[in-house]
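In what follows, a structure is listed as structure tokens, so that the remarks can point back to it.
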Amino acid sequence: MTLETVLLVAAALVSVGLYGALSQQVVVMVMMGLELMIAGVLLALGGFWWFLSPDPSGQVLLLVVLAAMTVEMATGFAIATLLHRRAGSDMTDMATELHE
Amino acid sequence: MTELLQGVLVAAGIATAVLALAWASSAALAVGAGRPAAMALGDPLLEVCRLLRQRRRTTVSADVALWRLGGWGLLPVALLLGALVPWGEEALVPTSLGVVWANTLDVLVWALVWLLGWGANSVAGLVGGYRFLALALGYELPLMFALVAPAMAASSLDLAVIAGSQEGLWYAVWMPAAFAAYLLGVLGFAVQGPLSAPAGQETSGGVLAELSGPDLLVVRVGRHALLGAGAAVAVPLFLGGGSGPWLPDPVWVVVKALVLTASLAYLAGRLPVLRVPRLLEIGWVVVLPLVVLQDLVVAVVVVR
Amino acid sequence: MVETSGVLVDIAFWVCAAVAVGFGVLVFVVDSMARATYALALSFVATGGALLLMQQSYLGVIVVLMMVMEMAVMAVYMVMFMGMNPALMPMSMVHSHRWAIGAAVTTFVVLGSGAVLVPWPTRRGAPSPDVTDALGRAIMESHMLVMMIVGPVMVATIVVGVVLSSARTRYDRFGDDLDQPAADPPQEVR
């Protein structure tokens, strides 16, 4: 386990997540892709923290990323629920009609 | 080599203890529900024999992998909870984050019970699974805030340190709201007594509806073991761990865990099953503010 | 505390890495939404495990705790929105598939080559003996402002979430003058 390997794994997680976020049609699946990307970011930050500069400030940053993740999920689910209630749709393509 | 052997022996001891607690829970619950004590003690053995011989029922296009994962995962979670408890000087798995690990393990139950309801591909099961998640939201938040109180008072997340810091006065005595919310949470993640709506009779067993044979056996044992293990974790958290006169520490831990398990299960047997919306309201409008207030009191006492 | 070098840690890390990435891929491959959700949960558990290996015990455990909880709730949403039965329904709900794969591969190549080629500096300083304790002190002392901002943001998120998603208000529940007994069980408002 070196910094390079940790970052490689993190890069793999981010790109798999990116694939999901770009290609999926269902809102929930898009969010799963975003989650995977954030997991990659978390892992990379953890690696940087441990291998480069293991002082507490870096950990605070990780906590903030975790918090951002929960905010993203909660708001995402709320919007998905709203879309579902209003239009009975859960597809990202249909959400473009929101502006009409 | 001797260390390894010792570890295996301790692990076997903990497994035995958790199973004994499960038995106590099962018997006390039955007594609470009105079964004669002598029969209640023997019932678990008869049930084990019956279920081991029962044929497996299958349902149409069940998601067997997830279904089995949900059912067979409960008992390991209970055993891991037991492994966190410091029986003597140290736990089998000594960790400085015992409280957080205990919380994580009980959150695993969310996934397991839902999968149990989902996997069977049956309406009753899915209803049970949904009910459990709603219920879990109701008990988990008070439970999390309840865990904060002892950790704050001992200024440590280590269960052994928390147990050691209660000389003279048990946390259960001066943190009654946190203790009560914790026990409510234990009933919740064991899906027992008033919080057993996910496995309710009126949905023909809910998450248990399509289970049979050994699969049903492990779920039943797992639920009682979760009750027992949850009570065992409460011993270092709220009941002073192994402290007590005359007897050695591990014996006290076991005695306290047994007494707490039996009384909690008896109470669970006495009480009626509550519907989920009611429980959510109690959990969020009554218990949660009380527990937060309790945390405030503890914080003030600690800082002074 | 466990050492962070040695064969065992390496093996554990590679197992975690394989599970995290493998189940991450499975999320978009499997045919059932339940399996996809719990594959993601497993991927997160493995990520948490990798963090644990880098001595960030508290954050690692918290990642596992949060993500299992979140995935359990996510499963509910996915059934609600998809209306799927537990049977393994073949499904492919993708758009711009090739383009997405291309973007993902490019990202991996760019990030991966960066990870390998950049000459990373050597480590400055050593971790404190109790990392969790140090984190707690950082939050409550030098970095208190960060957490003071995160707190209100969380509360705002709760309010936003409820306002956006709930169709029911207290007037639906208690009547126009808020003097009716609560409907029990709560009524659905359409």
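How things are named: the first chain in the structure tokens is A, the next is B, and so on; residues count from 1 in each chain; ligands count from 1 in the order shown.
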
Using only C-alpha atoms, find each residue in chain C having at least one atom no more than 6 Å away from chain A; report its shortest atom-to-atom pair and that distance in Å (one decimal), rows by chain then rising number, as CSV.
```
residue,atom,partner,partner_atom,distance
C:Asp10,CA,A:Met1,CA,5.4
C:Val21,CA,A:Leu13,CA,5.8
C:Met93,CA,A:Gln25,CA,5.6
C:Val94,CA,A:Gln24,CA,4.6
C:His95,CA,A:Ser23,CA,5.2
C:Ser96,CA,A:Ser23,CA,5.9
C:His97,CA,A:Ser23,CA,5.5
C:Ala100,CA,A:Tyr19,CA,5.1
C:Ile101,CA,A:Tyr19,CA,5.8
C:Ala104,CA,A:Ser15,CA,4.6
C:Thr107,CA,A:Ser15,CA,5.8
C:Phe108,CA,A:Ser15,CA,5.5
C:Leu111,CA,A:Ala11,CA,5.7
C:Gly112,CA,A:Leu8,CA,5.3
C:Ala115,CA,A:Glu4,CA,5.5
C:Val116,CA,A:Glu4,CA,5.5
C:Arg123,CA,A:Leu52,CA,4.1
C:Arg124,CA,A:Ser53,CA,5.1
C:Ala126,CA,A:Pro54,CA,5.9
C:Pro127,CA,A:Pro54,CA,4.8
C:Ala134,CA,A:Pro56,CA,5.8
C:Leu135,CA,A:Pro56,CA,5.2
C:Gly161,CA,A:Ala78,CA,5.0
C:Leu164,CA,A:Ala78,CA,5.6
C:Ser165,CA,A:Ala78,CA,4.8
```

Would you mind exporting N, CA and C atoms of the selected residues as an mmCIF file, in the first residue's frame?
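And here's selection01.cif as it stands now:
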```cif
data_model
loop_
_atom_site.group_PDB
_atom_site.id
_atom_site.type_symbol
_atom_site.label_atom_id
_atom_site.label_comp_id
_atom_site.auth_asym_id
_atom_site.auth_seq_id
_atom_site.Cartn_x
_atom_site.Cartn_y
_atom_site.Cartn_z
ATOM 1 N N ASP C 10 -0.863 -5.066 3.198
ATOM 2 C CA ASP C 10 -0.946 -4.993 1.742
ATOM 3 C C ASP C 10 -2.079 -5.869 1.217
ATOM 4 N N VAL C 21 -13.787 -1.468 -5.966
ATOM 5 C CA VAL C 21 -13.925 -1.205 -7.399
ATOM 6 C C VAL C 21 -14.844 -2.236 -8.047
ATOM 7 N N MET C 93 -31.016 0.756 -18.612
ATOM 8 C CA MET C 93 -31.577 2.096 -18.671
ATOM 9 C C MET C 93 -30.429 3.075 -18.801
ATOM 10 N N VAL C 94 -29.795 3.056 -19.940
ATOM 11 C CA VAL C 94 -28.650 3.939 -20.114
ATOM 12 C C VAL C 94 -28.866 4.807 -21.334
ATOM 13 N N HIS C 95 -28.240 5.951 -21.316
ATOM 14 C CA HIS C 95 -28.205 6.763 -22.520
ATOM 15 C C HIS C 95 -26.752 7.190 -22.762
ATOM 16 N N SER C 96 -26.453 7.566 -23.940
ATOM 17 C CA SER C 96 -25.092 7.916 -24.368
ATOM 18 C C SER C 96 -24.051 6.990 -23.734
ATOM 19 N N HIS C 97 -24.241 5.693 -24.008
ATOM 20 C CA HIS C 97 -23.454 4.681 -23.339
ATOM 21 C C HIS C 97 -21.978 4.766 -23.698
ATOM 22 N N ALA C 100 -20.176 7.803 -22.407
ATOM 23 C CA ALA C 100 -19.919 7.718 -20.969
ATOM 24 C C ALA C 100 -18.712 6.835 -20.687
ATOM 25 N N ILE C 101 -18.639 5.692 -21.407
ATOM 26 C CA ILE C 101 -17.492 4.804 -21.199
ATOM 27 C C ILE C 101 -16.207 5.527 -21.584
ATOM 28 N N ALA C 104 -15.264 7.919 -18.917
ATOM 29 C CA ALA C 104 -14.759 7.242 -17.731
ATOM 30 C C ALA C 104 -13.326 6.772 -17.946
ATOM 31 N N THR C 107 -10.950 9.695 -17.932
ATOM 32 C CA THR C 107 -10.734 10.156 -16.565
ATOM 33 C C THR C 107 -9.747 9.270 -15.839
ATOM 34 N N PHE C 108 -9.958 7.949 -15.986
ATOM 35 C CA PHE C 108 -9.077 7.030 -15.272
ATOM 36 C C PHE C 108 -7.640 7.185 -15.747
ATOM 37 N N LEU C 111 -6.283 10.665 -14.393
ATOM 38 C CA LEU C 111 -6.057 10.643 -12.944
ATOM 39 C C LEU C 111 -4.989 9.615 -12.575
ATOM 40 N N GLY C 112 -5.083 8.432 -13.224
ATOM 41 C CA GLY C 112 -4.147 7.360 -12.896
ATOM 42 C C GLY C 112 -2.720 7.741 -13.253
ATOM 43 N N ALA C 115 -1.489 10.064 -10.757
ATOM 44 C CA ALA C 115 -1.148 9.402 -9.499
ATOM 45 C C ALA C 115 0.222 8.755 -9.577
ATOM 46 N N VAL C 116 0.537 8.142 -10.733
ATOM 47 C CA VAL C 116 1.794 7.401 -10.837
ATOM 48 C C VAL C 116 2.961 8.331 -11.169
ATOM 49 N N ARG C 123 6.601 12.325 3.374
ATOM 50 C CA ARG C 123 5.673 12.682 4.420
ATOM 51 C C ARG C 123 6.267 13.730 5.373
ATOM 52 N N ARG C 124 5.446 14.715 5.665
ATOM 53 C CA ARG C 124 5.853 15.695 6.669
ATOM 54 C C ARG C 124 5.106 15.408 7.958
ATOM 55 N N ALA C 126 4.347 13.415 11.768
ATOM 56 C CA ALA C 126 3.886 12.070 12.083
ATOM 57 C C ALA C 126 2.476 12.175 12.642
ATOM 58 N N PRO C 127 1.655 11.114 12.446
ATOM 59 C CA PRO C 127 0.298 11.169 13.007
ATOM 60 C C PRO C 127 0.356 11.180 14.525
ATOM 61 N N ALA C 134 -7.203 13.598 18.272
ATOM 62 C CA ALA C 134 -6.675 14.771 17.575
ATOM 63 C C ALA C 134 -7.758 15.395 16.693
ATOM 64 N N LEU C 135 -8.542 14.534 16.026
ATOM 65 C CA LEU C 135 -9.619 15.041 15.171
ATOM 66 C C LEU C 135 -10.647 15.799 16.003
ATOM 67 N N GLY C 161 -35.145 19.380 2.520
ATOM 68 C CA GLY C 161 -35.590 18.040 2.141
ATOM 69 C C GLY C 161 -37.059 17.844 2.456
ATOM 70 N N LEU C 164 -39.324 20.166 0.238
ATOM 71 C CA LEU C 164 -39.414 19.728 -1.149
ATOM 72 C C LEU C 164 -40.236 18.463 -1.301
ATOM 73 N N SER C 165 -40.047 17.520 -0.394
ATOM 74 C CA SER C 165 -40.589 16.198 -0.654
ATOM 75 C C SER C 165 -41.951 15.974 -0.023
#
```

List as an MDAnalysis selection string the protein and nucleic acid residues near Thr59 of chain B, meaning an atom at most 9 Å away when only C-alpha atoms are counted, but skip any in the same chain fewer than 3 places from it.
chainID B and resid 62 120:122 210

Taking 2 positions as the minimum chain separation for residues in the same chain, which residues sit within 9 Å of Gln56 of chain C when counting only C-alpha atoms? Answer as a list in words.
Gly46, Trp50 and Gln59 of chain A; Leu51, Leu52, Leu53, Met54, Tyr58, Leu59, Gly60, Val61, Val131 and Thr132 of chain C

From a backbone DSSP assignment, name each residue in segment 4-202 of chain B labelled helix (DSSP H, G or I), as an MDAnalysis selection string.
chainID B and resid 4:32 37:53 64:84 98:119 123:154 159:164 171:174 176:189 193:195 197:199 201:202

Go through chain B and flag each residue having an atom no more than 7 Å from chain C; for those, report the closest pair of atoms plus their distance in Å to one decimal, using only C-alpha atoms, ordered by chain and rising number, as JSON lines.
```
{"residue": "B:Ser61", "atom": "CA", "partner": "C:Ala87", "partner_atom": "CA", "distance": 5.3}
{"residue": "B:Ala62", "atom": "CA", "partner": "C:Ala87", "partner_atom": "CA", "distance": 6.2}
{"residue": "B:Asp63", "atom": "CA", "partner": "C:Ala87", "partner_atom": "CA", "distance": 6.4}
{"residue": "B:Trp101", "atom": "CA", "partner": "C:Val61", "partner_atom": "CA", "distance": 6.8}
{"residue": "B:Thr104", "atom": "CA", "partner": "C:Leu65", "partner_atom": "CA", "distance": 4.7}
{"residue": "B:Val107", "atom": "CA", "partner": "C:Met69", "partner_atom": "CA", "distance": 6.2}
{"residue": "B:Leu108", "atom": "CA", "partner": "C:Val68", "partner_atom": "CA", "distance": 6.4}
{"residue": "B:Trp110", "atom": "CA", "partner": "C:Ala72", "partner_atom": "CA", "distance": 6.4}
{"residue": "B:Ala111", "atom": "CA", "partner": "C:Ala72", "partner_atom": "CA", "distance": 5.3}
{"residue": "B:Trp118", "atom": "CA", "partner": "C:Pro86", "partner_atom": "CA", "distance": 6.6}
{"residue": "B:Gly119", "atom": "CA", "partner": "C:Pro86", "partner_atom": "CA", "distance": 6.7}
{"residue": "B:Asn121", "atom": "CA", "partner": "C:Pro86", "partner_atom": "CA", "distance": 5.5}
{"residue": "B:Pro277", "atom": "CA", "partner": "C:Pro185", "partner_atom": "CA", "distance": 6.9}
```

Identify, on the basis of only C-alpha atoms, every residue whose closest approach to Gly193 of chain B does not exceed 12 Å; exclude the query and any residue fewer than 5 positions from it along the same chain; express the result as a ChimeraX atom specification.
/B:25-26,28-30,32-33,183-188,198-201,223-224,227,264-275

Pairwise distance for atom CA of Ala12 of chain B and atom CA of Gly222 of chain B, rounded to one decimal in Å
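Interatomic distance, atom CA of Ala12 of chain B to atom CA of Gly222 of chain B: 16.7 Å.
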